[in-house]
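Novice: The file below is start18.csv, CSV, N, CA and C atoms:
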chain,number,residue,atom,x,y,z
C,7,MET,N,-13.1,4.5,7.9
C,7,MET,CA,-13.3,4.0,6.6
C,7,MET,C,-12.2,4.5,5.7
C,8,SER,N,-11.6,3.6,4.9
C,8,SER,CA,-10.5,3.9,4.1
C,8,SER,C,-11.0,4.3,2.7
C,9,SER,N,-10.2,5.0,2.0
C,9,SER,CA,-10.6,5.4,0.6
C,9,SER,C,-9.5,4.9,-0.3
C,10,PRO,N,-9.8,4.6,-1.6
C,10,PRO,CA,-8.7,4.1,-2.5
C,10,PRO,C,-7.7,5.3,-2.8
C,11,PRO,N,-6.4,4.9,-2.8
C,11,PRO,CA,-5.4,6.0,-3.0
C,11,PRO,C,-5.4,6.4,-4.5
C,12,LYS,N,-4.9,7.6,-4.7
C,12,LYS,CA,-4.6,8.0,-6.1
C,12,LYS,C,-3.5,7.1,-6.7
C,13,PRO,N,-3.6,6.8,-8.0
C,13,PRO,CA,-2.6,5.9,-8.6
C,13,PRO,C,-1.2,6.5,-8.5
C,14,PRO,N,-0.1,5.7,-8.5
C,14,PRO,CA,1.2,6.2,-8.4
C,14,PRO,C,1.6,7.1,-9.5
C,15,SER,N,2.4,8.1,-9.2
C,15,SER,CA,3.0,9.0,-10.2
C,15,SER,C,4.2,8.4,-10.9
C,16,ALA,N,4.4,8.6,-12.1
C,16,ALA,CA,5.6,8.1,-12.8
C,16,ALA,C,6.8,8.9,-12.5
C,17,GLU,N,6.6,10.1,-12.0
C,17,GLU,CA,7.6,11.1,-11.7
C,17,GLU,C,8.1,10.8,-10.3
C,18,PRO,N,9.4,11.1,-10.0
C,18,PRO,CA,9.9,10.9,-8.6
C,18,PRO,C,9.3,12.0,-7.7
C,19,ALA,N,9.1,11.7,-6.5
C,19,ALA,CA,8.6,12.6,-5.5
C,19,ALA,C,9.7,13.7,-5.2
C,20,ILE,N,11.0,13.2,-5.2
C,20,ILE,CA,12.2,14.0,-5.0
C,20,ILE,C,13.3,13.5,-5.9
C,21,ARG,N,14.1,14.5,-6.3
C,21,ARG,CA,15.4,14.1,-7.0
C,21,ARG,C,16.4,15.0,-6.4
C,22,VAL,N,17.6,14.4,-6.0
C,22,VAL,CA,18.6,15.1,-5.3
C,22,VAL,C,20.0,14.7,-5.8
C,23,VAL,N,20.9,15.7,-5.9
C,23,VAL,CA,22.3,15.4,-6.2
C,23,VAL,C,23.0,15.3,-4.8
C,24,THR,N,23.8,14.2,-4.6
C,24,THR,CA,24.5,14.1,-3.3
C,24,THR,C,25.7,14.9,-3.3
C,25,MET,N,26.1,15.4,-2.1
C,25,MET,CA,27.2,16.4,-2.0
C,25,MET,C,28.2,15.9,-1.0
C,26,PRO,N,29.4,16.4,-1.0
C,26,PRO,CA,30.4,16.0,0.0
C,26,PRO,C,30.0,16.2,1.4
C,27,ARG,N,29.2,17.1,1.8
C,27,ARG,CA,28.8,17.3,3.2
C,27,ARG,C,27.9,16.2,3.7
C,28,ASP,N,27.4,15.3,2.8
C,28,ASP,CA,26.5,14.2,3.1
C,28,ASP,C,27.3,12.9,3.3
C,29,THR,N,28.6,12.9,3.3
C,29,THR,CA,29.4,11.7,3.4
C,29,THR,C,29.8,11.3,4.8
C,30,ASN,N,30.0,10.0,5.0
C,30,ASN,CA,30.5,9.5,6.2
C,30,ASN,C,32.0,9.3,6.1
C,31,ALA,N,32.6,8.7,7.2
C,31,ALA,CA,34.0,8.5,7.2
C,31,ALA,C,34.5,7.5,6.1
C,32,GLN,N,33.6,6.7,5.6
C,32,GLN,CA,34.0,5.8,4.5
C,32,GLN,C,34.0,6.4,3.1
C,33,GLY,N,33.5,7.7,3.1
C,33,GLY,CA,33.4,8.4,1.8
C,33,GLY,C,32.1,8.1,1.0
C,34,THR,N,31.2,7.4,1.6
C,34,THR,CA,29.9,7.2,1.0
C,34,THR,C,28.9,8.1,1.7
C,35,ILE,N,27.7,8.1,1.1
C,35,ILE,CA,26.6,9.0,1.7
C,35,ILE,C,26.1,8.4,3.0
C,36,PHE,N,25.9,9.2,4.0
C,36,PHE,CA,25.3,8.8,5.2
C,36,PHE,C,23.9,8.1,5.0
C,37,GLY,N,23.7,7.0,5.7
C,37,GLY,CA,22.4,6.4,5.6
C,37,GLY,C,21.3,7.3,6.2
C,38,GLY,N,21.6,8.0,7.2
C,38,GLY,CA,20.7,9.0,7.8
C,38,GLY,C,20.2,10.1,6.9
C,39,PHE,N,21.1,10.5,6.0
C,39,PHE,CA,20.7,11.5,4.9
C,39,PHE,C,19.7,10.9,4.0
C,40,ILE,N,19.9,9.6,3.6
C,40,ILE,CA,18.9,8.9,2.8
C,40,ILE,C,17.6,8.7,3.5
C,41,LEU,N,17.7,8.4,4.8
C,41,LEU,CA,16.4,8.2,5.6
C,41,LEU,C,15.6,9.5,5.6
C,42,SER,N,16.3,10.6,5.8
C,42,SER,CA,15.7,11.9,5.8
C,42,SER,C,14.9,12.1,4.5
C,43,LEU,N,15.6,11.8,3.4
C,43,LEU,CA,14.9,12.0,2.0
C,43,LEU,C,13.7,11.1,1.9
C,44,ILE,N,13.9,9.8,2.4
C,44,ILE,CA,12.7,8.9,2.4
C,44,ILE,C,11.5,9.5,3.1
C,45,ASP,N,11.8,10.0,4.3
C,45,ASP,CA,10.7,10.7,5.1
C,45,ASP,C,10.1,11.8,4.3
C,46,GLN,N,10.9,12.6,3.7
C,46,GLN,CA,10.3,13.7,2.9
C,46,GLN,C,9.5,13.3,1.7
C,47,ALA,N,10.0,12.3,1.0
C,47,ALA,CA,9.3,11.7,-0.2
C,47,ALA,C,8.0,11.2,0.2
C,48,ALA,N,7.9,10.5,1.4
C,48,ALA,CA,6.7,9.9,1.9
C,48,ALA,C,5.7,11.1,2.2
C,49,TYR,N,6.2,12.1,2.8
C,49,TYR,CA,5.3,13.3,3.1
C,49,TYR,C,4.8,13.9,1.8
C,50,VAL,N,5.6,14.0,0.8
C,50,VAL,CA,5.1,14.6,-0.5
C,50,VAL,C,4.0,13.7,-1.1
C,51,GLU,N,4.2,12.4,-1.0
C,51,GLU,CA,3.1,11.5,-1.5
C,51,GLU,C,1.9,11.6,-0.6
C,52,ALA,N,2.0,11.7,0.7
C,52,ALA,CA,0.8,11.8,1.5
C,52,ALA,C,0.1,13.1,1.2
C,53,LEU,N,0.8,14.2,0.9
C,53,LEU,CA,0.1,15.5,0.5
C,53,LEU,C,-0.6,15.3,-0.8
C,54,ARG,N,0.0,14.5,-1.7
C,54,ARG,CA,-0.6,14.3,-3.0
C,54,ARG,C,-2.0,13.6,-2.8
C,55,GLN,N,-2.1,12.7,-1.8
C,55,GLN,CA,-3.3,12.0,-1.5
C,55,GLN,C,-4.3,12.9,-0.8
C,56,SER,N,-3.9,13.8,0.1
C,56,SER,CA,-4.8,14.6,0.9
C,56,SER,C,-3.9,15.7,1.5
C,57,HIS,N,-4.3,17.0,1.3
C,57,HIS,CA,-3.6,18.1,1.9
C,57,HIS,C,-4.0,18.3,3.3
C,58,GLN,N,-3.2,17.7,4.2
C,58,GLN,CA,-3.3,17.7,5.6
C,58,GLN,C,-2.0,17.8,6.3
C,59,ARG,N,-2.0,18.0,7.6
C,59,ARG,CA,-0.8,18.0,8.4
C,59,ARG,C,-0.5,16.5,8.8
C,60,TYR,N,0.8,16.1,8.6
C,60,TYR,CA,1.2,14.7,8.9
C,60,TYR,C,2.4,14.6,9.8
C,61,VAL,N,2.5,13.5,10.5
C,61,VAL,CA,3.7,13.2,11.2
C,61,VAL,C,4.1,11.7,10.8
C,62,THR,N,5.3,11.4,10.8
C,62,THR,CA,5.8,10.1,10.5
C,62,THR,C,5.7,9.3,11.9
C,63,VAL,N,5.1,8.1,11.8
C,63,VAL,CA,5.0,7.3,13.1
C,63,VAL,C,5.9,6.0,12.9
C,64,ALA,N,6.2,5.6,11.7
C,64,ALA,CA,7.0,4.4,11.5
C,64,ALA,C,7.7,4.4,10.2
C,65,VAL,N,8.9,3.9,10.2
C,65,VAL,CA,9.6,3.6,8.9
C,65,VAL,C,10.0,2.1,9.0
C,66,ARG,N,9.6,1.4,8.1
C,66,ARG,CA,9.7,-0.1,8.2
C,66,ARG,C,10.6,-0.6,7.1
C,67,GLU,N,11.3,-1.7,7.4
C,67,GLU,CA,12.0,-2.5,6.4
C,67,GLU,C,13.0,-1.8,5.6
C,68,VAL,N,13.9,-1.0,6.2
C,68,VAL,CA,14.9,-0.3,5.5
C,68,VAL,C,16.1,-1.2,5.4
C,69,GLU,N,16.6,-1.4,4.2
C,69,GLU,CA,17.8,-2.2,3.9
C,69,GLU,C,18.6,-1.5,2.8
C,70,PHE,N,19.8,-1.1,3.1
C,70,PHE,CA,20.6,-0.4,2.1
C,70,PHE,C,21.2,-1.5,1.2
C,71,GLN,N,20.9,-1.4,-0.1
C,71,GLN,CA,21.3,-2.4,-1.1
C,71,GLN,C,22.6,-2.1,-1.8
C,72,GLN,N,22.8,-0.8,-2.0
C,72,GLN,CA,24.0,-0.3,-2.7
C,72,GLN,C,24.5,0.9,-2.0
C,73,PRO,N,25.8,1.2,-2.1
C,73,PRO,CA,26.3,2.4,-1.5
C,73,PRO,C,26.0,3.6,-2.5
C,74,VAL,N,25.9,4.8,-1.9
C,74,VAL,CA,25.7,6.0,-2.7
C,74,VAL,C,26.9,6.9,-2.6
C,75,PHE,N,27.3,7.5,-3.7
C,75,PHE,CA,28.6,8.2,-3.8
C,75,PHE,C,28.3,9.7,-4.0
C,76,VAL,N,29.3,10.5,-3.7
C,76,VAL,CA,29.1,12.0,-4.0
C,76,VAL,C,28.9,12.2,-5.5
C,77,GLY,N,27.9,13.0,-5.8
C,77,GLY,CA,27.6,13.3,-7.2
C,77,GLY,C,26.6,12.4,-7.8
C,78,ASP,N,26.2,11.3,-7.1
C,78,ASP,CA,25.1,10.5,-7.6
C,78,ASP,C,23.8,11.3,-7.6
C,79,VAL,N,22.9,11.0,-8.5
C,79,VAL,CA,21.6,11.6,-8.5
C,79,VAL,C,20.6,10.6,-7.9
C,80,LEU,N,20.0,10.9,-6.8
C,80,LEU,CA,19.1,10.0,-6.2
C,80,LEU,C,17.7,10.4,-6.7
C,81,SER,N,16.9,9.4,-7.0
C,81,SER,CA,15.5,9.6,-7.4
C,81,SER,C,14.7,8.8,-6.4
C,82,LEU,N,13.7,9.4,-5.7
C,82,LEU,CA,12.9,8.8,-4.7
C,82,LEU,C,11.4,8.7,-5.3
C,83,TYR,N,11.0,7.5,-5.5
C,83,TYR,CA,9.6,7.3,-6.1
C,83,TYR,C,8.7,6.8,-4.9
C,84,ALA,N,7.6,7.5,-4.8
C,84,ALA,CA,6.7,7.2,-3.7
C,84,ALA,C,5.3,6.8,-4.2
C,85,SER,N,4.8,5.7,-3.6
C,85,SER,CA,3.4,5.3,-4.0
C,85,SER,C,2.7,4.9,-2.7
C,86,THR,N,1.4,5.2,-2.7
C,86,THR,CA,0.6,5.0,-1.5
C,86,THR,C,0.2,3.5,-1.5
C,87,LEU,N,0.4,2.8,-0.4
C,87,LEU,CA,0.0,1.4,-0.2
C,87,LEU,C,-1.4,1.3,0.3
C,88,ARG,N,-1.7,2.1,1.4
C,88,ARG,CA,-3.0,2.1,2.0
C,88,ARG,C,-3.3,3.5,2.6
C,89,VAL,N,-4.6,3.7,2.5
C,89,VAL,CA,-5.2,4.9,3.2
C,89,VAL,C,-6.1,4.4,4.3
C,90,GLY,N,-5.8,4.6,5.5
C,90,GLY,CA,-6.6,4.2,6.6
C,90,GLY,C,-7.5,5.3,7.1
C,91,THR,N,-8.0,5.1,8.3
C,91,THR,CA,-8.9,6.2,8.9
C,91,THR,C,-8.1,7.4,9.2
C,92,THR,N,-7.0,7.3,9.8
C,92,THR,CA,-6.2,8.5,10.2
C,92,THR,C,-4.7,8.4,9.7
C,93,SER,N,-4.4,7.3,8.9
C,93,SER,CA,-3.0,7.1,8.5
C,93,SER,C,-2.9,6.8,7.0
C,94,ILE,N,-1.7,7.0,6.5
C,94,ILE,CA,-1.4,6.7,5.1
C,94,ILE,C,-0.1,5.9,5.2
C,95,ALA,N,0.0,4.8,4.5
C,95,ALA,CA,1.2,4.0,4.4
C,95,ALA,C,1.8,4.2,3.0
C,96,VAL,N,3.0,4.6,2.9
C,96,VAL,CA,3.7,4.9,1.6
C,96,VAL,C,4.9,4.1,1.4
C,97,ARG,N,5.1,3.5,0.2
C,97,ARG,CA,6.3,2.8,-0.2
C,97,ARG,C,7.2,3.8,-0.9
C,98,VAL,N,8.4,3.9,-0.5
C,98,VAL,CA,9.4,4.8,-1.1
C,98,VAL,C,10.5,3.9,-1.7
C,99,ARG,N,10.8,4.0,-3.0
C,99,ARG,CA,11.9,3.3,-3.6
C,99,ARG,C,13.0,4.4,-4.0
C,100,VAL,N,14.2,4.1,-3.7
C,100,VAL,CA,15.3,5.0,-4.0
C,100,VAL,C,16.3,4.4,-5.0
C,101,THR,N,16.5,5.2,-6.1
C,101,THR,CA,17.5,4.7,-7.1
C,101,THR,C,18.6,5.8,-7.2
C,102,ALA,N,19.8,5.3,-7.6
C,102,ALA,CA,20.9,6.2,-7.8
C,102,ALA,C,21.4,6.2,-9.2
C,103,ALA,N,21.5,7.3,-9.9
C,103,ALA,CA,22.1,7.4,-11.2
C,103,ALA,C,23.6,7.8,-10.9
C,104,ARG,N,24.5,6.9,-11.3
C,104,ARG,CA,25.9,7.1,-11.0
C,104,ARG,C,26.5,8.3,-11.7
C,105,ARG,N,27.2,9.1,-11.0
C,105,ARG,CA,27.8,10.3,-11.6
C,105,ARG,C,28.8,10.0,-12.7
C,106,ARG,N,29.5,8.9,-12.5
C,106,ARG,CA,30.5,8.6,-13.6
C,106,ARG,C,29.9,7.7,-14.7
C,107,ALA,N,28.7,7.3,-14.5
C,107,ALA,CA,28.0,6.5,-15.6
C,107,ALA,C,26.5,6.8,-15.4
C,108,PRO,N,26.1,8.0,-15.9
C,108,PRO,CA,24.7,8.5,-15.7
C,108,PRO,C,23.7,7.5,-16.2
C,109,ASP,N,24.0,6.7,-17.2
C,109,ASP,CA,23.0,5.7,-17.7
C,109,ASP,C,22.9,4.5,-16.8
C,110,THR,N,23.7,4.4,-15.8
C,110,THR,CA,23.6,3.3,-14.9
C,110,THR,C,22.8,3.8,-13.7
C,111,VAL,N,21.7,3.1,-13.5
C,111,VAL,CA,20.8,3.4,-12.4
C,111,VAL,C,20.6,2.2,-11.6
C,112,VAL,N,21.0,2.3,-10.3
C,112,VAL,CA,20.9,1.1,-9.4
C,112,VAL,C,19.9,1.4,-8.2
C,113,PRO,N,19.2,0.3,-7.8
C,113,PRO,CA,18.4,0.5,-6.6
C,113,PRO,C,19.3,0.7,-5.4
C,114,VAL,N,18.9,1.6,-4.6
C,114,VAL,CA,19.7,1.9,-3.3
C,114,VAL,C,19.0,1.3,-2.1
C,115,THR,N,17.7,1.6,-2.0
C,115,THR,CA,16.9,1.1,-0.8
C,115,THR,C,15.5,1.3,-1.1
C,116,GLU,N,14.6,0.8,-0.2
C,116,GLU,CA,13.2,1.1,-0.2
C,116,GLU,C,12.7,0.9,1.2
C,117,ALA,N,11.6,1.6,1.5
C,117,ALA,CA,11.0,1.5,2.8
C,117,ALA,C,9.6,1.8,2.8
C,118,GLU,N,8.9,1.3,3.8
C,118,GLU,CA,7.5,1.7,4.0
C,118,GLU,C,7.4,2.7,5.1
C,119,VAL,N,6.7,3.8,4.9
C,119,VAL,CA,6.6,4.9,5.8
C,119,VAL,C,5.1,5.0,6.2
C,120,VAL,N,4.8,5.1,7.5
C,120,VAL,CA,3.5,5.3,7.9
C,120,VAL,C,3.4,6.7,8.5
C,121,LEU,N,2.4,7.5,8.0
C,121,LEU,CA,2.2,8.9,8.4
C,121,LEU,C,0.8,9.0,9.0
C,122,VAL,N,0.6,9.8,10.0
C,122,VAL,CA,-0.7,10.0,10.6
C,122,VAL,C,-1.1,11.4,10.4
C,123,ALA,N,-2.3,11.6,10.0
C,123,ALA,CA,-2.9,13.0,9.8
C,123,ALA,C,-3.2,13.6,11.2
C,124,LEU,N,-2.9,14.9,11.4
C,124,LEU,CA,-3.2,15.5,12.6
C,124,LEU,C,-4.1,16.7,12.5
C,125,ASP,N,-4.9,17.0,13.5
C,125,ASP,CA,-5.7,18.2,13.5
C,125,ASP,C,-4.9,19.4,14.0
C,126,ASP,N,-5.5,20.6,14.2
C,126,ASP,CA,-4.7,21.7,14.7
C,126,ASP,C,-4.3,21.6,16.1
C,127,ALA,N,-4.9,20.7,16.9
C,127,ALA,CA,-4.5,20.5,18.3
C,127,ALA,C,-3.4,19.3,18.4
C,128,GLY,N,-3.0,18.8,17.2
C,128,GLY,CA,-2.0,17.7,17.2
C,128,GLY,C,-2.5,16.3,17.5
C,129,ARG,N,-3.8,16.2,17.4
C,129,ARG,CA,-4.4,14.8,17.6
C,129,ARG,C,-4.7,14.2,16.2
C,130,PRO,N,-4.7,12.8,16.2
C,130,PRO,CA,-5.0,12.1,14.9
C,130,PRO,C,-6.4,12.5,14.5
C,131,THR,N,-6.5,12.7,13.2
C,131,THR,CA,-7.8,13.1,12.5
C,131,THR,C,-8.0,12.3,11.3
C,132,PRO,N,-9.2,12.1,10.8
C,132,PRO,CA,-9.4,11.3,9.6
C,132,PRO,C,-8.7,11.9,8.4
C,133,VAL,N,-8.2,11.0,7.6
C,133,VAL,CA,-7.7,11.4,6.3
C,133,VAL,C,-8.8,11.7,5.4
C,134,VAL,N,-8.8,13.0,4.8
C,134,VAL,CA,-9.9,13.4,4.0
C,134,VAL,C,-9.5,13.2,2.5
C,135,PRO,N,-10.1,12.4,1.7
C,135,PRO,CA,-9.7,12.2,0.3
C,135,PRO,C,-9.7,13.5,-0.4
C,136,GLY,N,-8.8,13.7,-1.3
C,136,GLY,CA,-8.8,14.9,-2.2
C,136,GLY,C,-7.5,15.2,-2.6
Would you give me this structure, written as structure tokens?
Specialist:
Amino acid sequence: MSSPPKPPSAEPAIRVVTMPRDTNAQGTIFGGFILSLIDQAAYVEALRQSHQRYVTVAVREVEFQQPVFVGDVLSLYASTLRVGTTSIAVRVRVTAARRRAPDTVVPVTEAEVVLVALDDAGRPTPVVPG
């Protein structure tokens, strides 16, 4: 049985300044670095819904819309789409505030992340609202 999710927070789940160590050979930020942040933001949102142990089982529909540059401030906004019996689906939206124009915020990407709650033995367990 699923329960209704808590409403989305207006605050970002994560906010990060991009650094030179996160760049690829083209001088932009690695897509894998952003994917890692998406995974973390989804986890933060899952914990907001229910304090349990989670693993990511799927990341869906990732499309990079704009490049990210060193010094950009990334904001990752997470909201719960569905709470199932043992899983939580989270939408993560990523925006970049440009270092050279901080009032310019552009959408970078978004993704749906599915996390499964685990018990102490590592088996799927029901998501307990709270």
Novice: Any chance you could list, as a VMD selection string, the residues in chain C that come up strand (DSSP E) when DSSP is run on the backbone?
Specialist: chain C and resid 20 to 23 59 to 66 79 to 89 93 to 103 111 to 124
Novice: If you count only N, CA and C atoms, which residues fall within 7 Å of Gln72 in chain C, apart from same-chain ones fewer than 3 positions away, as a PDB file with N, CA and C atoms, keeping the file's coordinate frame?
Specialist:
ATOM      1  N   GLU C  69      16.600  -1.400   4.200  1.00  0.00           N
ATOM      2  CA  GLU C  69      17.800  -2.200   3.900  1.00  0.00           C
ATOM      3  C   GLU C  69      18.600  -1.500   2.800  1.00  0.00           C
ATOM      4  N   PRO C 113      19.200   0.300  -7.800  1.00  0.00           N
ATOM      5  CA  PRO C 113      18.400   0.500  -6.600  1.00  0.00           C
ATOM      6  C   PRO C 113      19.300   0.700  -5.400  1.00  0.00           C
ATOM      7  N   VAL C 114      18.900   1.600  -4.600  1.00  0.00           N
ATOM      8  CA  VAL C 114      19.700   1.900  -3.300  1.00  0.00           C
ATOM      9  C   VAL C 114      19.000   1.300  -2.100  1.00  0.00           C
ATOM     10  N   THR C 115      17.700   1.600  -2.000  1.00  0.00           N
ATOM     11  CA  THR C 115      16.900   1.100  -0.800  1.00  0.00           C
ATOM     12  C   THR C 115      15.500   1.300  -1.100  1.00  0.00           C
TER      13      THR C 115
END
Novice: With only N, CA and C atoms as the basis for distance, which of C:Arg129, C:Val134, C:Leu124, C:Tyr49 is at the shortest distance from Val96 in chain C?
Specialist: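 Of C:Arg129, C:Val134, C:Leu124, C:Tyr49, the one nearest Val96 in chain C, counting only N, CA and C atoms, is C:Tyr49.
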Novice: Taking only C-alpha atoms into account, which of C:Arg21, C:Leu41, C:Asn30, C:Glu118 comes nearest Arg88 in chain C?
Specialist: C:Glu118
Novice: Need to verify the contact set: Val76 in chain C, 6 Å, all atoms listed in the file, exclusion of same-chain residues closer than 4 positions in sequence. Can you return it as a VMD selection string?
Specialist: chain C and resid 24 to 26 33 to 35
Novice: CA of Ile40 in chain C and CA of Arg59 in chain C are how many Å apart?
Specialist: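 Answer for the CA of Ile40 in chain C to CA of Arg59 in chain C separation: 22.4 Å.
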Novice: When you count only C-alpha atoms, which of these residues is closest to Tyr83 in chain C: C:Glu17, C:Ala102, C:Thr29, C:Pro132?
Specialist: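 Checking each of C:Glu17, C:Ala102, C:Thr29, C:Pro132 against Tyr83 in chain C, counting only C-alpha atoms, the winner is C:Glu17.
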Novice: Of the candidates C:Pro73, C:Gly38, C:Pro11, C:Pro130, which shows the shortest atom-to-atom distance to Ser56 in chain C, using only C-alpha atoms?
Specialist: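 The closest residue to Ser56 in chain C is C:Pro11.
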Novice: I need every residue sitting at most 6 Å from the point (-1.0, 7.4, 9.0) (coordinates as in the file, all atoms listed in the file considered), written as a PyMOL selection string.
Specialist: chain C and resi 92-95+120-123
Novice: What would the file look like if the residues just selected were written as a PDB file, in the frame of the given file with N, CA and C atoms?
Specialist:
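File produced: out.pdb:
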ATOM      1  N   THR C  92      -7.000   7.300   9.800  1.00  0.00           N
ATOM      2  CA  THR C  92      -6.200   8.500  10.200  1.00  0.00           C
ATOM      3  C   THR C  92      -4.700   8.400   9.700  1.00  0.00           C
ATOM      4  N   SER C  93      -4.400   7.300   8.900  1.00  0.00           N
ATOM      5  CA  SER C  93      -3.000   7.100   8.500  1.00  0.00           C
ATOM      6  C   SER C  93      -2.900   6.800   7.000  1.00  0.00           C
ATOM      7  N   ILE C  94      -1.700   7.000   6.500  1.00  0.00           N
ATOM      8  CA  ILE C  94      -1.400   6.700   5.100  1.00  0.00           C
ATOM      9  C   ILE C  94      -0.100   5.900   5.200  1.00  0.00           C
ATOM     10  N   ALA C  95       0.000   4.800   4.500  1.00  0.00           N
ATOM     11  CA  ALA C  95       1.200   4.000   4.400  1.00  0.00           C
ATOM     12  C   ALA C  95       1.800   4.200   3.000  1.00  0.00           C
ATOM     13  N   VAL C 120       4.800   5.100   7.500  1.00  0.00           N
ATOM     14  CA  VAL C 120       3.500   5.300   7.900  1.00  0.00           C
ATOM     15  C   VAL C 120       3.400   6.700   8.500  1.00  0.00           C
ATOM     16  N   LEU C 121       2.400   7.500   8.000  1.00  0.00           N
ATOM     17  CA  LEU C 121       2.200   8.900   8.400  1.00  0.00           C
ATOM     18  C   LEU C 121       0.800   9.000   9.000  1.00  0.00           C
ATOM     19  N   VAL C 122       0.600   9.800  10.000  1.00  0.00           N
ATOM     20  CA  VAL C 122      -0.700  10.000  10.600  1.00  0.00           C
ATOM     21  C   VAL C 122      -1.100  11.400  10.400  1.00  0.00           C
ATOM     22  N   ALA C 123      -2.300  11.600  10.000  1.00  0.00           N
ATOM     23  CA  ALA C 123      -2.900  13.000   9.800  1.00  0.00           C
ATOM     24  C   ALA C 123      -3.200  13.600  11.200  1.00  0.00           C
TER      25      ALA C 123
END
Novice: Closest to Val133 in chain C among C:Gln58, C:Gln71, C:Thr101, C:Ser85, using all atoms listed in the file?
Specialist: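 Comparing C:Gln58, C:Gln71, C:Thr101, C:Ser85 against Val133 in chain C, the winner is C:Gln58.
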Novice: Go through C:Leu43, C:Ala31, C:Val65, C:Val79 one by one, measure the shortest atom-to-atom distance of each to Arg104 in chain C using all atoms listed in the file, and give the residue with the smallest value.
Specialist: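 Among C:Leu43, C:Ala31, C:Val65, C:Val79, it is C:Val79 that comes nearest to Arg104 in chain C.
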Novice: What box, with edges along x, y and z, holds each listed atom of range 88-93 of chain C when 3 Å is added on every side, and can you state its centre and edge lengths in Å to one decimal, as lines of an AutoDock Vina configuration file?
Specialist:
center_x = -5.3
center_y = 5.3
center_z = 5.8
size_x = 13.2
size_y = 12.4
size_z = 14.8
Novice: Quick check, in Å to one decimal: how far apart do CA of Val119 in chain C and CA of Arg105 in chain C lie?
Specialist: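 Going from CA of Val119 in chain C over to CA of Arg105 in chain C, I get 28.0 Å.
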Novice: Which value, in Å to one decimal, gives the distance between atom C of Arg97 in chain C and atom C of Ala48 in chain C?
Specialist: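 Computing it gives 8.1 Å between the two atoms.
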